[in-house]
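A.B. asks: File final28.txt below, compact mmCIF, C-alpha atoms:
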```
# COMPACT_ATOMS: atom_id res chain seq x y z
CA MET X 132 -27.64 5.31 20.28
CA SER X 133 -30.81 6.00 22.30
CA THR X 134 -33.89 3.84 21.69
CA SER X 135 -36.32 6.77 22.06
CA TYR X 136 -37.06 8.49 18.78
CA LEU X 137 -37.24 12.23 18.19
CA PRO X 138 -39.97 14.07 16.26
CA ALA X 139 -39.18 14.47 12.53
CA THR X 140 -39.15 18.27 12.55
CA THR X 141 -36.80 21.03 11.49
CA ASP X 142 -36.12 21.72 15.20
CA SER X 143 -34.71 18.19 15.59
CA ILE X 144 -32.46 18.72 12.55
CA ALA X 145 -31.29 22.05 14.00
CA GLU X 146 -30.58 20.31 17.34
CA ALA X 147 -28.42 17.74 15.53
CA LEU X 148 -26.48 20.43 13.65
CA GLU X 149 -25.87 22.41 16.85
CA ALA X 150 -24.69 19.36 18.83
CA LYS X 151 -21.42 19.77 20.78
CA ASN X 152 -19.67 16.92 19.01
CA SER X 153 -20.07 14.66 16.00
CA SER X 154 -21.08 11.56 18.01
CA GLU X 155 -23.97 13.41 19.66
CA SER X 156 -25.10 14.80 16.30
CA ILE X 157 -25.05 11.30 14.73
CA SER X 158 -27.05 9.90 17.66
CA ILE X 159 -29.75 12.61 17.25
CA LEU X 160 -30.00 11.97 13.48
CA TYR X 161 -30.41 8.23 14.05
CA ARG X 162 -33.25 8.95 16.54
CA ILE X 163 -34.99 11.15 13.94
CA LEU X 164 -34.89 8.25 11.44
CA GLU X 165 -36.47 5.93 14.04
CA ASN X 166 -39.63 8.09 14.09
CA PRO X 167 -42.46 5.91 12.71
CA SER X 168 -44.35 8.84 11.17
CA SER X 169 -44.82 8.64 7.39
CA SER X 170 -46.44 12.01 6.72
CA PRO X 171 -45.06 13.99 3.74
CA GLU X 172 -43.38 16.50 6.08
CA ALA X 173 -41.82 13.73 8.20
CA LEU X 174 -40.49 11.99 5.08
CA ARG X 175 -38.94 15.24 3.86
CA ILE X 176 -37.24 15.82 7.23
CA LYS X 177 -35.97 12.23 7.26
CA GLU X 178 -34.44 12.69 3.79
CA GLN X 179 -32.62 15.74 5.12
CA ALA X 180 -31.51 13.74 8.18
CA ILE X 181 -30.14 10.94 5.95
CA THR X 182 -28.07 13.45 3.95
CA ASN X 183 -26.64 15.01 7.12
CA LEU X 184 -26.03 11.62 8.72
CA SER X 185 -24.16 10.23 5.69
CA ASP X 186 -21.98 13.38 5.65
CA ARG X 187 -21.17 13.03 9.38
CA LEU X 188 -20.38 9.32 9.07
CA ARG X 189 -18.13 10.02 6.08
CA GLN X 190 -16.25 12.70 8.03
CA GLU X 191 -15.75 10.17 10.84
CA ASN X 192 -14.58 7.51 8.29
CA ARG X 193 -17.28 5.11 9.54
CA ALA X 194 -17.73 3.15 6.31
CA GLU X 195 -19.28 0.10 7.98
CA ASP X 196 -21.95 2.31 9.63
CA LEU X 197 -22.81 3.78 6.20
CA ARG X 198 -23.25 0.24 4.87
CA ASN X 199 -25.54 -0.64 7.82
CA LEU X 200 -27.47 2.60 7.26
CA LEU X 201 -28.38 1.49 3.72
CA THR X 202 -29.72 -1.80 5.08
CA GLN X 203 -31.62 -0.01 7.87
CA LEU X 204 -33.27 2.40 5.38
CA ARG X 205 -34.84 -0.30 3.15
CA PRO X 206 -38.32 -0.05 4.76
CA PHE X 207 -38.10 3.76 4.40
CA PHE X 208 -37.36 3.40 0.67
CA ASN X 209 -40.80 1.81 0.18
CA LEU X 210 -42.42 5.05 1.38
CA ILE X 211 -40.68 7.48 -0.98
CA PRO X 212 -40.56 7.76 -4.81
CA LYS X 213 -38.07 5.53 -6.64
CA ALA X 214 -36.16 8.53 -8.02
CA LYS X 215 -35.50 9.81 -4.49
CA THR X 216 -34.46 6.31 -3.40
CA ALA X 217 -31.95 6.17 -6.25
CA LYS X 218 -30.55 9.59 -5.25
CA ILE X 219 -30.13 8.56 -1.59
CA VAL X 220 -28.57 5.15 -2.39
CA ARG X 221 -26.07 6.63 -4.85
CA GLY X 222 -25.28 9.43 -2.37
CA ILE X 223 -24.44 6.94 0.39
CA ILE X 224 -22.32 4.80 -2.01
CA ASP X 225 -20.47 8.01 -3.04
CA ALA X 226 -19.92 8.82 0.66
CA VAL X 227 -18.34 5.38 1.22
CA ALA X 228 -16.14 5.93 -1.86
CA LYS X 229 -14.68 9.09 -0.29
CA ILE X 230 -13.38 7.09 2.68
CA PRO X 231 -9.86 5.73 1.96
CA ASP X 232 -9.13 1.98 1.68
CA THR X 233 -12.76 0.89 1.27
CA SER X 234 -12.68 -0.65 -2.23
CA ASP X 235 -13.58 -4.17 -0.97
CA LEU X 236 -16.39 -2.75 1.18
CA GLN X 237 -17.72 -0.75 -1.80
CA ILE X 238 -17.78 -3.90 -3.97
CA SER X 239 -19.67 -5.95 -1.37
CA LEU X 240 -22.04 -3.01 -0.73
CA CYS X 241 -22.81 -2.66 -4.46
CA LYS X 242 -23.40 -6.43 -4.75
CA GLU X 243 -25.85 -6.28 -1.83
CA MET X 244 -27.69 -3.35 -3.42
CA VAL X 245 -27.87 -5.15 -6.80
CA GLN X 246 -29.53 -8.15 -5.11
CA TRP X 247 -31.99 -5.85 -3.29
CA THR X 248 -32.86 -3.86 -6.43
CA ARG X 249 -33.47 -7.11 -8.35
CA ALA X 250 -35.83 -8.33 -5.63
CA GLU X 251 -37.62 -4.95 -5.52
CA LYS X 252 -37.67 -4.67 -9.37
CA ARG X 253 -35.95 -1.27 -9.31
CA THR X 254 -34.39 -1.44 -12.78
CA PHE X 255 -33.24 2.19 -13.02
CA LEU X 256 -31.27 2.04 -9.78
CA ARG X 257 -29.94 -1.50 -10.41
CA GLN X 258 -28.40 -0.53 -13.75
CA ARG X 259 -26.55 2.41 -12.22
CA VAL X 260 -25.32 0.39 -9.23
CA GLU X 261 -24.15 -2.38 -11.62
CA ALA X 262 -22.24 0.21 -13.68
CA ARG X 263 -20.62 1.45 -10.45
CA LEU X 264 -19.80 -2.15 -9.46
CA ALA X 265 -18.16 -2.82 -12.84
CA ALA X 266 -15.98 0.29 -12.40
CA LEU X 267 -14.94 -0.86 -8.91
CA LEU X 268 -14.13 -4.37 -10.16
CA MET X 269 -12.00 -2.86 -12.93
CA GLU X 270 -10.09 -0.69 -10.43
CA ASN X 271 -9.57 -3.86 -8.36
CA LYS X 272 -8.18 -5.59 -11.51
CA GLU X 273 -10.98 -8.19 -11.47
CA TYR X 274 -11.32 -7.85 -15.24
CA PRO X 275 -13.23 -11.06 -16.22
CA GLU X 276 -16.01 -10.40 -13.68
CA ALA X 277 -16.26 -6.73 -14.71
CA LEU X 278 -16.43 -7.69 -18.40
CA ASN X 279 -19.19 -10.27 -17.81
CA LEU X 280 -21.22 -7.71 -15.84
CA LEU X 281 -20.78 -5.01 -18.52
CA THR X 282 -21.65 -7.32 -21.43
CA GLY X 283 -25.12 -8.07 -20.04
CA LEU X 284 -25.67 -4.50 -18.87
CA ILE X 285 -24.86 -2.97 -22.29
CA LYS X 286 -27.43 -5.19 -24.06
CA GLU X 287 -30.09 -4.27 -21.52
CA VAL X 288 -29.42 -0.52 -21.61
CA ARG X 289 -29.34 -0.46 -25.44
CA ARG X 290 -32.81 -2.00 -25.52
CA LEU X 291 -34.05 0.73 -23.16
CA ASP X 292 -32.15 3.40 -25.17
CA ASP X 293 -30.95 5.20 -22.02
CA LYS X 294 -28.35 7.34 -23.80
CA LEU X 295 -26.77 9.00 -20.74
CA LEU X 296 -26.16 5.68 -18.98
CA LEU X 297 -25.05 4.16 -22.28
CA VAL X 298 -22.29 6.79 -22.59
CA ASP X 299 -21.05 5.86 -19.09
CA ILE X 300 -21.10 2.13 -19.79
CA ASP X 301 -19.48 2.35 -23.25
CA LEU X 302 -16.73 4.55 -21.81
CA LEU X 303 -16.21 2.06 -18.98
CA GLU X 304 -16.06 -0.79 -21.51
CA SER X 305 -13.42 1.12 -23.50
CA LYS X 306 -11.26 1.55 -20.37
CA LEU X 307 -11.71 -2.13 -19.49
CA HIS X 308 -10.64 -3.36 -22.95
CA PHE X 309 -7.68 -0.96 -22.88
CA SER X 310 -6.60 -2.45 -19.53
CA LEU X 311 -6.84 -5.91 -21.16
CA ARG X 312 -4.65 -4.62 -24.06
CA ASN X 313 -7.47 -5.14 -26.57
CA LEU X 314 -7.07 -1.91 -28.53
CA PRO X 315 -9.57 -2.58 -31.38
CA LYS X 316 -12.42 -3.27 -28.92
CA ALA X 317 -11.41 -0.28 -26.79
CA LYS X 318 -11.66 1.98 -29.87
CA ALA X 319 -15.01 0.44 -30.89
CA ALA X 320 -16.47 1.04 -27.41
CA LEU X 321 -15.19 4.64 -27.40
CA THR X 322 -16.80 5.23 -30.83
CA ALA X 323 -20.09 3.88 -29.44
CA ALA X 324 -19.78 6.26 -26.45
CA ARG X 325 -19.18 9.23 -28.79
CA THR X 326 -22.16 8.25 -30.96
CA ALA X 327 -24.46 8.10 -27.93
CA ALA X 328 -23.00 11.38 -26.57
CA ASN X 329 -23.72 13.20 -29.86
CA ALA X 330 -27.44 12.47 -29.49
CA ILE X 331 -27.81 14.08 -26.04
CA TYR X 332 -26.42 16.82 -23.82
CA VAL X 333 -23.35 15.46 -22.05
CA PRO X 334 -22.10 17.19 -18.86
CA PRO X 335 -18.66 18.84 -19.28
CA ALA X 336 -17.02 16.38 -16.85
CA GLN X 337 -18.27 13.44 -18.91
CA GLN X 338 -17.11 15.07 -22.17
CA GLY X 339 -13.71 15.62 -20.58
CA THR X 340 -13.56 11.91 -19.66
CA ILE X 341 -14.36 10.95 -23.29
CA ASP X 342 -11.60 13.28 -24.57
CA LEU X 343 -9.12 11.90 -22.02
CA GLN X 344 -9.83 8.31 -23.12
CA SER X 345 -9.55 9.36 -26.80
CA GLY X 346 -6.14 10.88 -26.08
CA ILE X 347 -4.96 7.72 -24.31
CA LEU X 348 -5.98 5.50 -27.25
CA HIS X 349 -4.38 7.79 -29.85
CA ALA X 350 -1.16 7.91 -27.80
CA GLU X 351 -1.18 4.10 -27.72
CA GLU X 352 -1.19 4.15 -31.55
CA LYS X 353 1.79 6.57 -31.49
CA ASP X 354 -0.37 9.39 -32.92
CA TYR X 355 0.91 11.85 -30.33
CA LYS X 356 -0.17 15.05 -32.11
CA THR X 357 -3.84 14.00 -32.18
CA ALA X 358 -3.51 12.67 -28.61
CA TYR X 359 -2.15 16.05 -27.48
CA SER X 360 -5.20 17.88 -28.89
CA TYR X 361 -7.57 15.49 -27.04
CA PHE X 362 -5.64 15.85 -23.78
CA PHE X 363 -5.80 19.63 -24.21
CA GLU X 364 -9.61 19.49 -24.63
CA ALA X 365 -9.88 17.28 -21.53
CA PHE X 366 -7.61 19.62 -19.56
CA GLU X 367 -9.73 22.66 -20.44
CA ALA X 368 -12.93 20.86 -19.36
CA PHE X 369 -11.46 19.62 -16.05
CA ASN X 370 -9.70 22.93 -15.35
CA ALA X 371 -12.99 24.85 -15.70
CA LEU X 372 -14.63 22.41 -13.24
CA GLU X 373 -11.60 22.40 -10.90
CA ASP X 374 -11.58 18.62 -11.30
CA PRO X 375 -8.45 16.88 -9.89
CA ARG X 376 -8.11 14.98 -13.19
CA ALA X 377 -6.93 18.24 -14.82
CA VAL X 378 -3.38 17.65 -13.58
CA PHE X 379 -3.30 14.20 -15.21
CA SER X 380 -4.53 15.64 -18.53
CA LEU X 381 -1.75 18.24 -18.33
CA LYS X 382 0.77 15.53 -17.45
CA TYR X 383 -0.21 13.50 -20.54
CA MET X 384 -0.01 16.66 -22.68
CA LEU X 385 3.62 17.05 -21.57
CA LEU X 386 4.23 13.35 -22.28
CA CYS X 387 3.04 13.84 -25.88
CA LYS X 388 5.39 16.81 -26.32
CA ILE X 389 8.33 14.70 -25.10
CA MET X 390 7.40 11.77 -27.37
CA VAL X 391 7.38 13.98 -30.51
CA ASN X 392 10.85 15.38 -29.65
CA GLN X 393 9.47 18.75 -28.52
CA ALA X 394 10.74 18.47 -24.93
CA ASP X 395 11.80 22.14 -25.01
CA ASP X 396 8.09 23.13 -25.04
CA VAL X 397 7.47 21.43 -21.67
CA ALA X 398 8.91 24.29 -19.56
CA GLY X 399 6.76 26.82 -21.47
CA ILE X 400 3.54 24.85 -20.88
CA ILE X 401 4.29 24.43 -17.16
CA SER X 402 5.04 28.17 -16.75
CA SER X 403 1.85 29.21 -18.60
CA LYS X 404 -1.09 30.70 -16.67
CA ALA X 405 -3.02 27.42 -16.68
CA GLY X 406 0.05 25.29 -15.91
CA LEU X 407 1.13 27.31 -12.87
CA GLN X 408 -2.09 26.31 -11.05
CA TYR X 409 -0.97 22.68 -11.08
CA VAL X 410 2.73 23.00 -10.27
CA GLY X 411 3.62 20.03 -8.08
CA ILE X 412 5.29 16.64 -8.04
CA GLU X 413 3.38 15.32 -11.11
CA LEU X 414 4.65 18.15 -13.33
CA ASP X 415 8.11 18.07 -11.71
CA ALA X 416 8.37 14.41 -12.80
CA MET X 417 7.60 15.26 -16.44
CA LYS X 418 9.99 18.24 -16.35
CA ALA X 419 12.80 15.94 -15.16
CA VAL X 420 12.07 13.52 -18.03
CA ALA X 421 11.98 16.41 -20.53
CA ASP X 422 15.37 17.68 -19.27
CA ALA X 423 16.88 14.19 -19.61
CA HIS X 424 15.46 13.85 -23.12
CA SER X 425 16.76 17.30 -24.20
CA LYS X 426 20.26 16.40 -22.98
CA ARG X 427 20.02 12.85 -24.40
CA SER X 428 21.22 11.66 -20.99
CA LEU X 429 20.33 8.14 -19.93
CA LYS X 430 21.76 8.77 -16.46
CA LEU X 431 19.40 11.74 -15.91
CA PHE X 432 16.54 9.67 -17.36
CA GLU X 433 17.15 6.83 -14.88
CA THR X 434 17.52 9.34 -12.03
CA ALA X 435 14.12 10.83 -12.94
CA LEU X 436 12.53 7.35 -13.03
CA ARG X 437 14.02 6.57 -9.62
CA ASP X 438 13.18 9.92 -7.95
CA PHE X 439 9.62 10.04 -9.32
CA LYS X 440 8.79 6.34 -9.25
CA ALA X 441 5.17 6.85 -8.11
CA GLN X 442 4.48 9.46 -10.81
CA LEU X 443 6.24 7.67 -13.71
CA GLU X 444 6.66 3.94 -13.07
CA GLU X 445 3.33 3.42 -11.28
CA ASP X 446 1.26 5.37 -13.82
CA PRO X 447 0.62 2.63 -16.44
CA ILE X 448 0.03 5.09 -19.30
CA VAL X 449 3.20 7.13 -18.70
CA HIS X 450 5.29 4.03 -17.91
CA ARG X 451 4.39 2.33 -21.21
CA HIS X 452 5.47 5.31 -23.32
CA LEU X 453 8.57 6.11 -21.28
CA SER X 454 9.78 2.51 -21.68
CA SER X 455 9.65 3.04 -25.45
CA LEU X 456 11.39 6.42 -25.10
CA TYR X 457 14.12 4.90 -22.90
CA ASP X 458 14.82 2.19 -25.50
CA THR X 459 15.07 4.79 -28.27
CA LEU X 460 17.44 6.96 -26.21
CA LEU X 461 19.59 3.94 -25.32
CA GLU X 462 19.85 2.88 -28.98
CA GLN X 463 20.79 6.40 -30.11
CA ASN X 464 23.47 6.68 -27.42
CA LEU X 465 24.93 3.26 -28.18
CA CYS X 466 25.06 3.94 -31.95
CA ARG X 467 26.87 7.23 -31.29
CA LEU X 468 29.41 5.56 -28.97
CA ILE X 469 30.30 2.57 -31.18
CA GLU X 470 30.56 4.61 -34.40
CA PRO X 471 34.36 5.28 -34.20
CA PHE X 472 35.22 1.62 -33.47
CA SER X 473 35.62 -1.56 -35.49
CA ARG X 474 36.29 -3.64 -32.34
CA VAL X 475 35.61 -2.48 -28.78
CA GLU X 476 35.26 -4.02 -25.34
CA ILE X 477 31.67 -4.15 -24.08
CA ALA X 478 32.91 -3.09 -20.63
CA HIS X 479 34.38 0.09 -22.15
CA ILE X 480 31.01 0.97 -23.77
CA ALA X 481 29.28 0.27 -20.44
CA ASP X 482 31.70 2.66 -18.70
CA LEU X 483 31.09 5.37 -21.30
CA ILE X 484 27.30 5.08 -21.07
CA GLU X 485 27.35 4.47 -17.26
CA LEU X 486 25.17 1.35 -17.34
CA PRO X 487 25.73 -2.27 -16.17
CA VAL X 488 27.71 -4.48 -18.60
CA ASP X 489 25.03 -7.21 -18.84
CA HIS X 490 22.37 -4.60 -19.62
CA VAL X 491 24.52 -3.09 -22.42
CA GLU X 492 25.41 -6.53 -23.82
CA LYS X 493 21.74 -7.56 -23.94
CA LYS X 494 20.77 -4.32 -25.73
CA LEU X 495 23.61 -4.62 -28.27
CA SER X 496 22.59 -8.19 -29.15
CA GLN X 497 18.99 -7.02 -29.62
CA MET X 498 20.14 -4.17 -31.89
CA ILE X 499 22.23 -6.58 -34.02
CA LEU X 500 19.21 -8.90 -34.41
CA ASP X 501 17.03 -5.90 -35.34
CA LYS X 502 19.67 -4.93 -37.96
CA LYS X 503 20.25 -1.51 -36.35
CA PHE X 504 23.94 -2.01 -37.22
CA ALA X 505 26.10 -4.82 -38.69
CA GLY X 506 28.22 -6.60 -36.13
CA THR X 507 28.64 -9.54 -33.77
CA LEU X 508 29.38 -10.14 -30.08
CA ASP X 509 32.59 -12.00 -29.25
CA GLN X 510 31.53 -13.15 -25.81
CA GLY X 511 34.74 -15.11 -25.22
CA ALA X 512 36.81 -11.92 -25.47
CA GLY X 513 33.99 -9.68 -24.17
CA CYS X 514 34.13 -7.55 -27.29
CA LEU X 515 31.80 -6.10 -29.88
CA VAL X 516 32.98 -6.46 -33.48
CA ILE X 517 31.45 -3.91 -35.86
CA PHE X 518 31.38 -4.62 -39.60
CA ASP X 519 31.39 -2.04 -42.38
CA ASP X 520 27.98 -1.54 -43.92
CA PRO X 521 27.82 -4.04 -46.80
CA LYS X 522 27.64 -2.21 -50.12
CA THR X 523 24.88 -3.48 -52.34
CA ASP X 524 26.09 -4.55 -55.78
CA ALA X 525 24.30 -2.47 -58.41
CA ILE X 526 24.68 -5.13 -61.13
CA TYR X 527 21.79 -7.28 -59.91
CA PRO X 528 19.07 -4.56 -59.91
CA ALA X 529 20.40 -3.33 -63.31
CA THR X 530 20.22 -6.87 -64.74
CA LEU X 531 16.66 -7.34 -63.48
CA GLU X 532 15.64 -4.00 -65.02
CA THR X 533 17.21 -4.97 -68.39
CA ILE X 534 15.39 -8.33 -68.43
CA SER X 535 12.12 -6.55 -67.57
CA ASN X 536 12.61 -4.09 -70.44
CA ILE X 537 13.41 -6.92 -72.90
CA GLY X 538 10.20 -8.66 -71.78
CA LYS X 539 8.22 -5.51 -72.56
CA VAL X 540 9.82 -5.25 -76.05
CA VAL X 541 9.01 -8.91 -76.82
CA ASP X 542 5.40 -8.42 -75.71
CA SER X 543 5.10 -5.32 -77.90
CA LEU X 544 6.51 -7.14 -80.95
CA TYR X 545 4.13 -10.06 -80.36
CA VAL X 546 1.11 -7.70 -80.31
CA ARG X 547 2.27 -6.03 -83.57
CA SER X 548 2.88 -9.38 -85.34
CA ALA X 549 -0.55 -10.60 -84.27
CA LYS X 550 -2.13 -7.50 -85.86
CA ILE X 551 -0.18 -8.02 -89.15
CA MET X 552 -1.18 -11.70 -89.31
CA ALA X 553 -4.81 -10.78 -88.74
```
Starting from the file, lay out its structure as structure tokens.

C.D. replies:
Amino acid sequence: MSTSYLPATTDSIAEALEAKNSSESISILYRILENPSSSPEALRIKEQAITNLSDRLRQENRAEDLRNLLTQLRPFFNLIPKAKTAKIVRGIIDAVAKIPDTSDLQISLCKEMVQWTRAEKRTFLRQRVEARLAALLMENKEYPEALNLLTGLIKEVRRLDDKLLLVDIDLLESKLHFSLRNLPKAKAALTAARTAANAIYVPPAQQGTIDLQSGILHAEEKDYKTAYSYFFEAFEAFNALEDPRAVFSLKYMLLCKIMVNQADDVAGIISSKAGLQYVGIELDAMKAVADAHSKRSLKLFETALRDFKAQLEEDPIVHRHLSSLYDTLLEQNLCRLIEPFSRVEIAHIADLIELPVDHVEKKLSQMILDKKFAGTLDQGAGCLVIFDDPKTDAIYPATLETISNIGKVVDSLYVRSAKIMA
């Protein structure tokens, strides 16, 4: 980078944009920023240069240079309005976020900016950077630190009554509590986000995020029909904005259909006009699960989980519900297989269901304990002994009912005698 600065003019910007290669363009933009002039026109040109420079550095994946740029620009931030400073800082942080494998760098960058904004008393910017930091910490699974940061931030923002930021923070808190498996607090935070959102205009992307989180929480409570309607609302919002989260909303819609035993509807949704735009590996994974569920085939189900591990096993929301679905399918298949027998080898059942013997034995013992059927495991002989369903003797309920009726008659006679005596 040359030490001689260039004049902060539109000609210099044009020279940078017309440079032969990216390195030369970046060098010219740096030299424009070194210009000491602080006239209104020079400041405007420098703002333009910063935007172009951050774009070029992002394209080159130079995350560390973007971080150094923020430090280098601190004297410049004292010359421009605070609102413009906030826009530039958030723009550069967004540029770093678009570079892959920079989560640790983003966290340290946000922490640096929080310290600087505290020292400079830039409350508006600090609150937004802290919210961004909390989201990054949550993605990094540093839940206690993220929760501590959010707790203080929520109190502060509520006092200021900044509704738009409050929606963001409450939504983030809901996601954080959901990750910590604290469903009541996750629902309370989501309700707070909805309340704040009702008082202001919320951008469609933000409304879609609220609907997506609502769907996730309803699905967690096994209310799949309500969850489906929320996922559909989120899908429509993201689809209109061409947001990449649309495919995940559609994926969760298909999950809800499978969970309510409507797996046959999955193919129709995928082949619809909206679904065809997102045909790919995510939807192929759900289609494979739907096919396995329709055929009640555990082998196809396990094949789908193995072939689409990244889409099913590594998606925590899908994985949690599919684990429950797998258990249900396994129980139904085992009950169907053992029905004709009074005594059967566990190895024979394992062969019929095409699963390992120890896995089948463990599941059968769990089903006996859960009273799914009456039986016992003879582990010495490696057999399952199934008992006939014990018939309840009707004499005991009938006796209790007779005694109850006699009690009522005695009470009635006592009331009548009391009236006569009076």

A.B. asks: Excluding range 134-138 of chain X and residues on its chain fewer than 3 positions from it, collect all residues at most 6 Å away from it, counting only C-alpha atoms, and give them as a list in words.

C.D. replies: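 The contact residues come out as Arg162, Ile163, Glu165 and Asn166 of chain X.
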
A.B. asks: I want to know what sits within 10 Å of Met384 in chain X, based on all atoms listed in the file, with residues of the same chain fewer than 2 positions away left out; could you give that as a PyMOL selection string?

C.D. replies: chain X and resi 346+355-356+358-363+365-366+378-382+386-389+397+400+417

A.B. asks: Residues near Gln442 in chain X, anyone? I mean within 9 Å using all atoms listed in the file, not counting same-chain ones fewer than 3 positions away, as a JSON list (two decimals) with C-alpha atoms, keeping the file's coordinate frame.

C.D. replies:
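File written: part_1.json
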```
[["chain", "number", "residue", "atom", "x", "y", "z"],
["X", 412, "ILE", "CA", 5.29, 16.64, -8.04],
["X", 413, "GLU", "CA", 3.38, 15.32, -11.11],
["X", 416, "ALA", "CA", 8.37, 14.41, -12.80],
["X", 417, "MET", "CA", 7.60, 15.26, -16.44],
["X", 436, "LEU", "CA", 12.53, 7.35, -13.03],
["X", 439, "PHE", "CA", 9.62, 10.04, -9.32],
["X", 445, "GLU", "CA", 3.33, 3.42, -11.28],
["X", 446, "ASP", "CA", 1.26, 5.37, -13.82],
["X", 449, "VAL", "CA", 3.20, 7.13, -18.70],
["X", 450, "HIS", "CA", 5.29, 4.03, -17.91]]
```

A.B. asks: Give as a ChimeraX atom specification each residue that has an atom at most 12 Å from (16.9, 9.2, -14.5) in the file, counting all atoms listed in the file.

C.D. replies: /X:416-424,426-440,443-444,453,457,460,485-486

A.B. asks: Could you work out how far CA of Lys294 in chain X lies from CA of Ala327 in chain X, giving the answer in Å with one decimal?

C.D. replies: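 That distance, rounded to one decimal, is 5.7 Å.
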
A.B. asks: Could you check which of X:Gln338, X:Gln408, X:Ser345, X:Gln258 is closest to Leu296 in chain X, using only C-alpha atoms?

C.D. replies: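 So, comparing all the options, the nearest one is X:Gln258.
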
A.B. asks: Smallest atom-to-atom distance to Arg467 in chain X: which of X:Leu483, X:Ala262, X:Val220, X:Ala377, using all atoms listed in the file?

C.D. replies: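 Closest to Arg467 in chain X, using all atoms listed in the file: X:Leu483.
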
A.B. asks: Near range 172-183 of chain X, within 6 Å and counting all atoms listed in the file, which residues show up once chain neighbours fewer than 4 positions away are dropped, as a PyMOL selection string?

C.D. replies: chain X and resi 139+160+164

A.B. asks: When you draw a straight line from CA of Cys514 in chain X to CA of Arg474 in chain X, how long is it in Å?

C.D. replies: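 So the answer is 6.7 Å.
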
A.B. asks: X:Ala549, X:Ala350, X:Val410, X:Ile223: which is nearest Met390 in chain X, counting all atoms listed in the file?

C.D. replies: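 Between X:Ala549, X:Ala350, X:Val410, X:Ile223, the residue approaching Met390 in chain X most closely is X:Ala350.
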
A.B. asks: Using only C-alpha atoms, tabulate the residues of range 303-377 of chain X lying at most 10 Å from any atom of range 273-280 of chain X, each with its closest atom pair and that distance in Å to one decimal, by chain and increasing residue number, as JSON lines.

C.D. replies:
```
{"residue": "X:Leu303", "atom": "CA", "partner": "X:Leu278", "partner_atom": "CA", "distance": 9.8}
{"residue": "X:Glu304", "atom": "CA", "partner": "X:Leu278", "partner_atom": "CA", "distance": 7.6}
{"residue": "X:Leu307", "atom": "CA", "partner": "X:Tyr274", "partner_atom": "CA", "distance": 7.1}
{"residue": "X:His308", "atom": "CA", "partner": "X:Leu278", "partner_atom": "CA", "distance": 8.5}
{"residue": "X:Ser310", "atom": "CA", "partner": "X:Tyr274", "partner_atom": "CA", "distance": 8.4}
{"residue": "X:Leu311", "atom": "CA", "partner": "X:Tyr274", "partner_atom": "CA", "distance": 7.7}
```

A.B. asks: Rounded to one decimal in Å, what is the spacing between CA of Asp232 in chain X and CA of Gln203 in chain X?

C.D. replies: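 Rounded to one decimal, the two atoms are 23.4 Å apart.
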
A.B. asks: Check the smallest atom-to-atom distance from each of X:Leu407, X:Ala330, X:Ile480, X:Val227 to Ser239 in chain X using all atoms listed in the file, then report the winner.

C.D. replies: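 The shortest atom-to-atom distance to Ser239 in chain X comes from X:Val227.
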
A.B. asks: At a cut-off of 7 Å, using only C-alpha atoms, what residues contact range 188-193 of chain X? Leave out same-chain residues fewer than 3 positions from it and give the result as an NGL selection string.

C.D. replies: :X and (184-185 or 196-197 or 226-227 or 230)

A.B. asks: Nearest to Ala478 in chain X: which of X:Asp542, X:Glu195, X:Glu287, X:Glu492 is it, counting all atoms listed in the file?

C.D. replies: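 Closest to Ala478 in chain X, using all atoms listed in the file: X:Glu492.
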
A.B. asks: From the list X:Leu515, X:Ile347, X:Pro447, X:Phe504, which residue is nearest Ser473 in chain X when using all atoms listed in the file?

C.D. replies: X:Leu515

A.B. asks: Report as JSON the centre and the edge lengths, in Å to one decimal, of the axis-aligned box holding every listed atom of range 412-423 of chain X, padded by 8 Å on each side.

C.D. replies:
```
{"center_x": 10.1, "center_y": 15.9, "center_z": -14.3, "size_x": 29.5, "size_y": 20.7, "size_z": 28.5}
```
